[in-house]
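Here is the structure we will look at.
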Number of protein chains: 2
Amino acid sequence: MPIKLVTQAETILKEQGGRMTSQRKLILEKIESMSGHPTAEEIYLNANQEDPTLNLSTVYRTLRWLTDQSLITPHRFDEERRQERFDATLTGTNKDHYHFQCQQCKNIIEFSSDQMEKIKSIFSSQTGSEVFSAELVFYGVCANCRENRS
Amino acid sequence: MPIKLVTQAETILKEQGGRMTSQRKLILEKIESMSGHPTAEEIYLNANQEDPTLNLSTVYRTLRWLTDQSLITPHRFDEERRQERFDATLTGTNKDHYHFQCQQCKNIIEFSSDQMEKIKSIFSSQTGSEVFSAELVFYGVCANCRENRS
DNA sequence: ATATTATTGCAAATGAATTGCAATATCAAT
DNA sequence: ATTGATATTGCAATTCATTTGCAATAATAT
Ligand SMILES: [Mn+2]
Ligand SMILES: [Mn+2]
Ligand SMILES: [Zn+2]
Ligand SMILES: [Zn+2]
């Protein structure tokens, strides 16, 4: 059971002299409960049902703050490369994972890989750079779409 | 010596009943000659010096077309994740490569990796999906910036 | 309770990329 | 070479996601 987002946020807010508001709490809960990789709009639509006065820019501001605090990770997947999608699951087992997107059904599959460490260390020793994070996205056709296709 | 972009483009255009224009030719030459991963704006600025009547939207249209034809690849790197940057080097030796971006100087280092194939095949056999392309970006600090830092 | 000020809602702004349209240029057919 | 059909351009306007300025509001320390 990973630490809840609200708790992590509260800790950071205290350090920064920030304030926990009802809007933030709501948004954080939604991010945690929503599966997949929702967009700002999707989070807004969902949270707005509970608090109809909640504004879209508050959602954007909160997402930006969470990103800056490394509590969530933004992604841009292929076709919808205009909108950012957010990864809420950055604690515990779901840390450090990569993505596959099916070009047909747009579904995303998450996976992890031990080999990644090796690629990193080879690159590091070859160039003398230090690698902090890695983003890997595969594009292709998922098992489902391979079957149901002409 | 890889096949020139203009040549590849002409072949495809012929198939499609498209036309090779002076603007396209100019843009293609620029993409090929420019190092790094230029933005649409940068390509425009460069090409516009040679043909002052060239319009930015023509550059955008050409880049979109080239992307659709898989003659170039769009990337979005970290901080400037708003603008697309384009990889002209998709033929010959520069095919299938990955990127590292230094978070300090924003420089990009290209690299390739044999391990990647393994990650792909493991993922494929585990999920039954077929992987067509892979995008990997490392973020960190380059050798230069590691030295010159406090 | 009160004062301080971080945060919100709202509306307007931004900025990259796309699009409609009339004018123009390409290219195949003559 | 001339012609005609139409693909492509320049231009201006538009879209769409995201950001921002500001006055009103609400959270926290005292
Ligand atoms: Mn994920
Ligand atoms: Mn590259
Ligand atoms: Zn699929
Ligand atoms: Zn650097």
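Lettering and numbering for the structure tokens are positional, with chains as A, B, ... in the shown order, residues counted from 1 in each chain, and ligands counted from 1 in the shown order.
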Task: Secondary structure check, alpha helix (DSSP H) residues of stretch 59-104 of chain A, as number ranges by chain - done: A: 59-68
Export N, CA and C atoms of the chosen residues as a short mmCIF file (atom, residue, chain, number, x, y, z; two decimals), in the first residue's frame?
data_model
loop_
_atom_site.label_atom_id
_atom_site.label_comp_id
_atom_site.auth_asym_id
_atom_site.auth_seq_id
_atom_site.Cartn_x
_atom_site.Cartn_y
_atom_site.Cartn_z
N VAL A 59 -7.18 22.83 -11.97
CA VAL A 59 -6.69 21.49 -12.28
C VAL A 59 -5.32 21.59 -12.94
N TYR A 60 -5.22 22.47 -13.92
CA TYR A 60 -3.94 22.64 -14.60
C TYR A 60 -2.85 23.07 -13.62
N ARG A 61 -3.18 24.04 -12.77
CA ARG A 61 -2.17 24.51 -11.81
C ARG A 61 -1.74 23.40 -10.87
N THR A 62 -2.69 22.62 -10.42
CA THR A 62 -2.38 21.53 -9.50
C THR A 62 -1.51 20.47 -10.19
N LEU A 63 -1.85 20.14 -11.42
CA LEU A 63 -1.07 19.15 -12.15
C LEU A 63 0.35 19.64 -12.38
N ARG A 64 0.47 20.92 -12.69
CA ARG A 64 1.81 21.48 -12.90
C ARG A 64 2.62 21.40 -11.61
N TRP A 65 1.97 21.73 -10.50
CA TRP A 65 2.65 21.69 -9.21
C TRP A 65 3.08 20.26 -8.88
N LEU A 66 2.17 19.31 -9.05
CA LEU A 66 2.47 17.91 -8.77
C LEU A 66 3.63 17.42 -9.63
N THR A 67 3.66 17.86 -10.86
CA THR A 67 4.75 17.49 -11.76
C THR A 67 6.07 18.06 -11.25
N ASP A 68 6.04 19.33 -10.87
CA ASP A 68 7.26 19.96 -10.36
C ASP A 68 7.76 19.27 -9.10
#
Write out as a PDB file with N, CA and C atoms, in the first residue's frame each polymer residue (protein, DNA or RNA) that has an atom no more than 12 Å from ligand 4, with only C-alpha atoms (C1' of nucleotides) and all ligand atoms counted.
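out_30.pdb written:
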ATOM      1  N   THR A 127      29.741   7.745 -22.272  1.00  0.00           N
ATOM      2  CA  THR A 127      29.694   9.189 -22.488  1.00  0.00           C
ATOM      3  C   THR A 127      30.081  10.014 -21.264  1.00  0.00           C
ATOM      4  N   GLY A 128      30.132   9.358 -20.118  1.00  0.00           N
ATOM      5  CA  GLY A 128      30.451  10.097 -18.903  1.00  0.00           C
ATOM      6  C   GLY A 128      29.284  10.888 -18.363  1.00  0.00           C
ATOM      7  N   SER A 129      28.104  10.670 -18.915  1.00  0.00           N
ATOM      8  CA  SER A 129      26.936  11.386 -18.410  1.00  0.00           C
ATOM      9  C   SER A 129      26.265  10.593 -17.302  1.00  0.00           C
ATOM     10  N   GLU A 130      25.498  11.307 -16.504  1.00  0.00           N
ATOM     11  CA  GLU A 130      24.745  10.655 -15.443  1.00  0.00           C
ATOM     12  C   GLU A 130      23.273  10.652 -15.847  1.00  0.00           C
ATOM     13  N   VAL A 131      22.652   9.484 -15.809  1.00  0.00           N
ATOM     14  CA  VAL A 131      21.257   9.378 -16.229  1.00  0.00           C
ATOM     15  C   VAL A 131      20.340   9.331 -15.018  1.00  0.00           C
TER      16      VAL A 131
ATOM     17  N   PHE B 100      19.626  11.149 -25.460  1.00  0.00           N
ATOM     18  CA  PHE B 100      19.866  11.583 -24.083  1.00  0.00           C
ATOM     19  C   PHE B 100      19.810  13.107 -24.098  1.00  0.00           C
ATOM     20  N   GLN B 101      19.087  13.681 -23.146  1.00  0.00           N
ATOM     21  CA  GLN B 101      19.127  15.140 -23.058  1.00  0.00           C
ATOM     22  C   GLN B 101      19.654  15.578 -21.703  1.00  0.00           C
ATOM     23  N   CYS B 102      20.637  16.470 -21.751  1.00  0.00           N
ATOM     24  CA  CYS B 102      21.186  17.030 -20.524  1.00  0.00           C
ATOM     25  C   CYS B 102      20.209  18.071 -19.988  1.00  0.00           C
ATOM     26  N   GLN B 103      19.865  17.913 -18.729  1.00  0.00           N
ATOM     27  CA  GLN B 103      18.887  18.819 -18.135  1.00  0.00           C
ATOM     28  C   GLN B 103      19.479  20.197 -17.865  1.00  0.00           C
ATOM     29  N   GLN B 104      20.808  20.264 -17.920  1.00  0.00           N
ATOM     30  CA  GLN B 104      21.443  21.543 -17.651  1.00  0.00           C
ATOM     31  C   GLN B 104      21.657  22.344 -18.942  1.00  0.00           C
ATOM     32  N   CYS B 105      22.408  21.775 -19.870  1.00  0.00           N
ATOM     33  CA  CYS B 105      22.734  22.527 -21.090  1.00  0.00           C
ATOM     34  C   CYS B 105      21.765  22.216 -22.230  1.00  0.00           C
ATOM     35  N   LYS B 106      20.828  21.296 -21.990  1.00  0.00           N
ATOM     36  CA  LYS B 106      19.803  20.937 -22.984  1.00  0.00           C
ATOM     37  C   LYS B 106      20.354  20.225 -24.216  1.00  0.00           C
ATOM     38  N   ASN B 107      21.649  20.006 -24.234  1.00  0.00           N
ATOM     39  CA  ASN B 107      22.250  19.300 -25.367  1.00  0.00           C
ATOM     40  C   ASN B 107      21.693  17.885 -25.498  1.00  0.00           C
ATOM     41  N   ILE B 108      21.682  17.418 -26.723  1.00  0.00           N
ATOM     42  CA  ILE B 108      21.170  16.074 -26.965  1.00  0.00           C
ATOM     43  C   ILE B 108      22.271  15.184 -27.508  1.00  0.00           C
ATOM     44  N   ILE B 109      22.395  14.011 -26.918  1.00  0.00           N
ATOM     45  CA  ILE B 109      23.355  13.025 -27.393  1.00  0.00           C
ATOM     46  C   ILE B 109      22.570  11.851 -27.970  1.00  0.00           C
ATOM     47  N   TYR B 139      17.214  11.280 -19.462  1.00  0.00           N
ATOM     48  CA  TYR B 139      17.451  12.630 -18.965  1.00  0.00           C
ATOM     49  C   TYR B 139      18.488  12.577 -17.865  1.00  0.00           C
ATOM     50  N   GLY B 140      19.375  13.557 -17.843  1.00  0.00           N
ATOM     51  CA  GLY B 140      20.416  13.559 -16.822  1.00  0.00           C
ATOM     52  C   GLY B 140      21.359  14.729 -16.992  1.00  0.00           C
ATOM     53  N   VAL B 141      22.606  14.513 -16.633  1.00  0.00           N
ATOM     54  CA  VAL B 141      23.608  15.566 -16.757  1.00  0.00           C
ATOM     55  C   VAL B 141      24.771  15.031 -17.588  1.00  0.00           C
ATOM     56  N   CYS B 142      25.160  15.787 -18.598  1.00  0.00           N
ATOM     57  CA  CYS B 142      26.225  15.336 -19.487  1.00  0.00           C
ATOM     58  C   CYS B 142      27.596  15.501 -18.824  1.00  0.00           C
ATOM     59  N   ALA B 143      28.589  14.899 -19.420  1.00  0.00           N
ATOM     60  CA  ALA B 143      29.946  14.908 -18.864  1.00  0.00           C
ATOM     61  C   ALA B 143      30.449  16.335 -18.628  1.00  0.00           C
ATOM     62  N   ASN B 144      30.270  17.165 -19.639  1.00  0.00           N
ATOM     63  CA  ASN B 144      30.682  18.564 -19.534  1.00  0.00           C
ATOM     64  C   ASN B 144      30.094  19.245 -18.315  1.00  0.00           C
ATOM     65  N   CYS B 145      28.790  19.156 -18.199  1.00  0.00           N
ATOM     66  CA  CYS B 145      28.091  19.850 -17.121  1.00  0.00           C
ATOM     67  C   CYS B 145      28.425  19.248 -15.756  1.00  0.00           C
ATOM     68  N   ARG B 146      28.826  18.000 -15.726  1.00  0.00           N
ATOM     69  CA  ARG B 146      29.195  17.395 -14.452  1.00  0.00           C
ATOM     70  C   ARG B 146      30.481  18.019 -13.930  1.00  0.00           C
ATOM     71  N   GLU B 147      31.402  18.242 -14.864  1.00  0.00           N
ATOM     72  CA  GLU B 147      32.669  18.883 -14.480  1.00  0.00           C
ATOM     73  C   GLU B 147      32.456  20.303 -13.974  1.00  0.00           C
ATOM     74  N   ASN B 148      31.941  21.120 -14.872  1.00  0.00           N
ATOM     75  CA  ASN B 148      31.779  22.554 -14.586  1.00  0.00           C
ATOM     76  C   ASN B 148      30.660  22.852 -13.612  1.00  0.00           C
ATOM     77  N   ARG B 149      30.510  22.034 -12.625  1.00  0.00           N
ATOM     78  CA  ARG B 149      29.393  22.346 -11.734  1.00  0.00           C
ATOM     79  C   ARG B 149      29.877  22.450 -10.289  1.00  0.00           C
TER      80      ARG B 149
END
TODO: With a distance cut-off of 12 Å and only C-alpha atoms (C1' of nucleotides), select the neighbouring residues of C:DT24, excluding the residue or stretch itself and same-chain residues fewer than 6 positions from it, and output the selection as a list in words.
DONE: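 With the cut-off at 12 Å, the set is Thr21 of chain B; DT6, DA7, DT8, DT9 and DG10 of chain D.
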- [ ] Write out as a list in words which residues come within 9 Å of A:Ile43 when counting only C-alpha atoms (C1' of nucleotides), dropping same-chain ones fewer than 6 positions away.
- [x]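 So the residues in contact are Ile27, Lys30, Ile31, Met34 and Val59 of chain A.
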Task: Interface list for chain D, partner chain A, 12 Å threshold, only C-alpha atoms (C1' of nucleotides), as number ranges by chain - done: D: 16-20, 25-29
Could you make a table, as a tab-separated table, of the residues of chain A that have an atom within 7 Å of an atom of ligand 1, each with its nearest atom pair and distance in Å to one decimal, counting only C-alpha atoms and all ligand atoms, in chain and number order?
residue	atom	partner	partner_atom_place_in_ligand_line	distance
A:His37	CA	ligand 1	1 (Mn)	6.6
A:Asp87	CA	ligand 1	1 (Mn)	5.2
A:Thr89	CA	ligand 1	1 (Mn)	6.8
A:His97	CA	ligand 1	1 (Mn)	6.5
A:Tyr98	CA	ligand 1	1 (Mn)	6.6
A:His99	CA	ligand 1	1 (Mn)	6.4
A:Glu110	CA	ligand 1	1 (Mn)	5.7
Residues just named, written with N, CA and C atoms as a compact mmCIF listing (two decimals), in the first residue's frame:
# COMPACT_ATOMS: atom_id res chain seq x y z
N HIS A 37 -4.11 6.80 -17.93
CA HIS A 37 -3.30 8.00 -17.95
C HIS A 37 -4.15 9.17 -18.38
N ASP A 87 0.64 10.31 -15.20
CA ASP A 87 0.84 9.05 -14.54
C ASP A 87 0.79 9.29 -13.05
N THR A 89 0.65 6.90 -10.81
CA THR A 89 1.23 5.77 -10.10
C THR A 89 2.74 5.82 -10.09
N HIS A 97 8.38 2.51 -14.77
CA HIS A 97 7.82 1.58 -15.73
C HIS A 97 7.76 2.27 -17.09
N TYR A 98 7.56 1.47 -18.11
CA TYR A 98 7.58 1.99 -19.46
C TYR A 98 6.24 1.70 -20.13
N HIS A 99 6.08 2.21 -21.35
CA HIS A 99 4.76 2.12 -21.98
C HIS A 99 4.80 1.59 -23.40
N GLU A 110 1.50 -1.08 -19.68
CA GLU A 110 2.68 -0.71 -18.91
C GLU A 110 3.56 -1.93 -18.71
Open item on the list: as a count of residues only, could you give me every residue of chain C near chain B (at most 8 Å apart, counting only C-alpha atoms (C1' of nucleotides))?
Closed with: 4
- [ ] Report as a PyMOL selection string: the residues of stretch 96-134 of chain A with a DSSP assignment of strand (DSSP E or B), based on the backbone of this structure.
- [x] chain A and resi 98-102+108-111+130-134
Kindly export the residues of the current selection with N, CA and C atoms, as a short mmCIF file (atom, residue, chain, number, x, y, z; two decimals), in the first residue's frame.
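So result35.cif came out as:
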data_model
loop_
_atom_site.label_atom_id
_atom_site.label_comp_id
_atom_site.auth_asym_id
_atom_site.auth_seq_id
_atom_site.Cartn_x
_atom_site.Cartn_y
_atom_site.Cartn_z
N TYR A 98 7.56 1.47 -18.11
CA TYR A 98 7.58 1.99 -19.46
C TYR A 98 6.24 1.70 -20.13
N HIS A 99 6.08 2.21 -21.35
CA HIS A 99 4.76 2.12 -21.98
C HIS A 99 4.80 1.59 -23.40
N PHE A 100 3.75 0.87 -23.72
CA PHE A 100 3.51 0.43 -25.09
C PHE A 100 2.17 1.00 -25.50
N GLN A 101 2.10 1.61 -26.67
CA GLN A 101 0.79 2.05 -27.15
C GLN A 101 0.44 1.36 -28.45
N CYS A 102 -0.77 0.80 -28.48
CA CYS A 102 -1.26 0.16 -29.69
C CYS A 102 -1.73 1.24 -30.66
N ILE A 108 -2.95 1.49 -23.83
CA ILE A 108 -1.57 1.55 -23.33
C ILE A 108 -1.30 0.39 -22.39
N ILE A 109 -0.19 -0.26 -22.61
CA ILE A 109 0.23 -1.34 -21.72
C ILE A 109 1.49 -0.88 -20.99
N GLU A 110 1.50 -1.08 -19.68
CA GLU A 110 2.68 -0.71 -18.91
C GLU A 110 3.56 -1.93 -18.71
N PHE A 111 4.84 -1.72 -18.70
CA PHE A 111 5.74 -2.85 -18.42
C PHE A 111 7.02 -2.32 -17.79
N GLU A 130 25.50 11.31 -16.50
CA GLU A 130 24.75 10.66 -15.44
C GLU A 130 23.27 10.65 -15.85
N VAL A 131 22.65 9.48 -15.81
CA VAL A 131 21.26 9.38 -16.23
C VAL A 131 20.34 9.33 -15.02
N PHE A 132 19.39 10.25 -14.98
CA PHE A 132 18.46 10.31 -13.84
C PHE A 132 17.15 9.61 -14.13
N SER A 133 16.68 9.76 -15.35
CA SER A 133 15.40 9.13 -15.67
C SER A 133 15.37 8.69 -17.12
N ALA A 134 14.49 7.74 -17.39
CA ALA A 134 14.39 7.18 -18.73
C ALA A 134 12.94 7.07 -19.13
#
Task: Atom-to-atom span, atom CA of A:Gln69 and atom CA of A:Ala88, Å - done: 12.5 Å
- [ ] Record the distance separating atom CA of A:Asp78 and atom CA of A:Leu136, expressed in Å with one decimal.
- [x] 12.2 Å
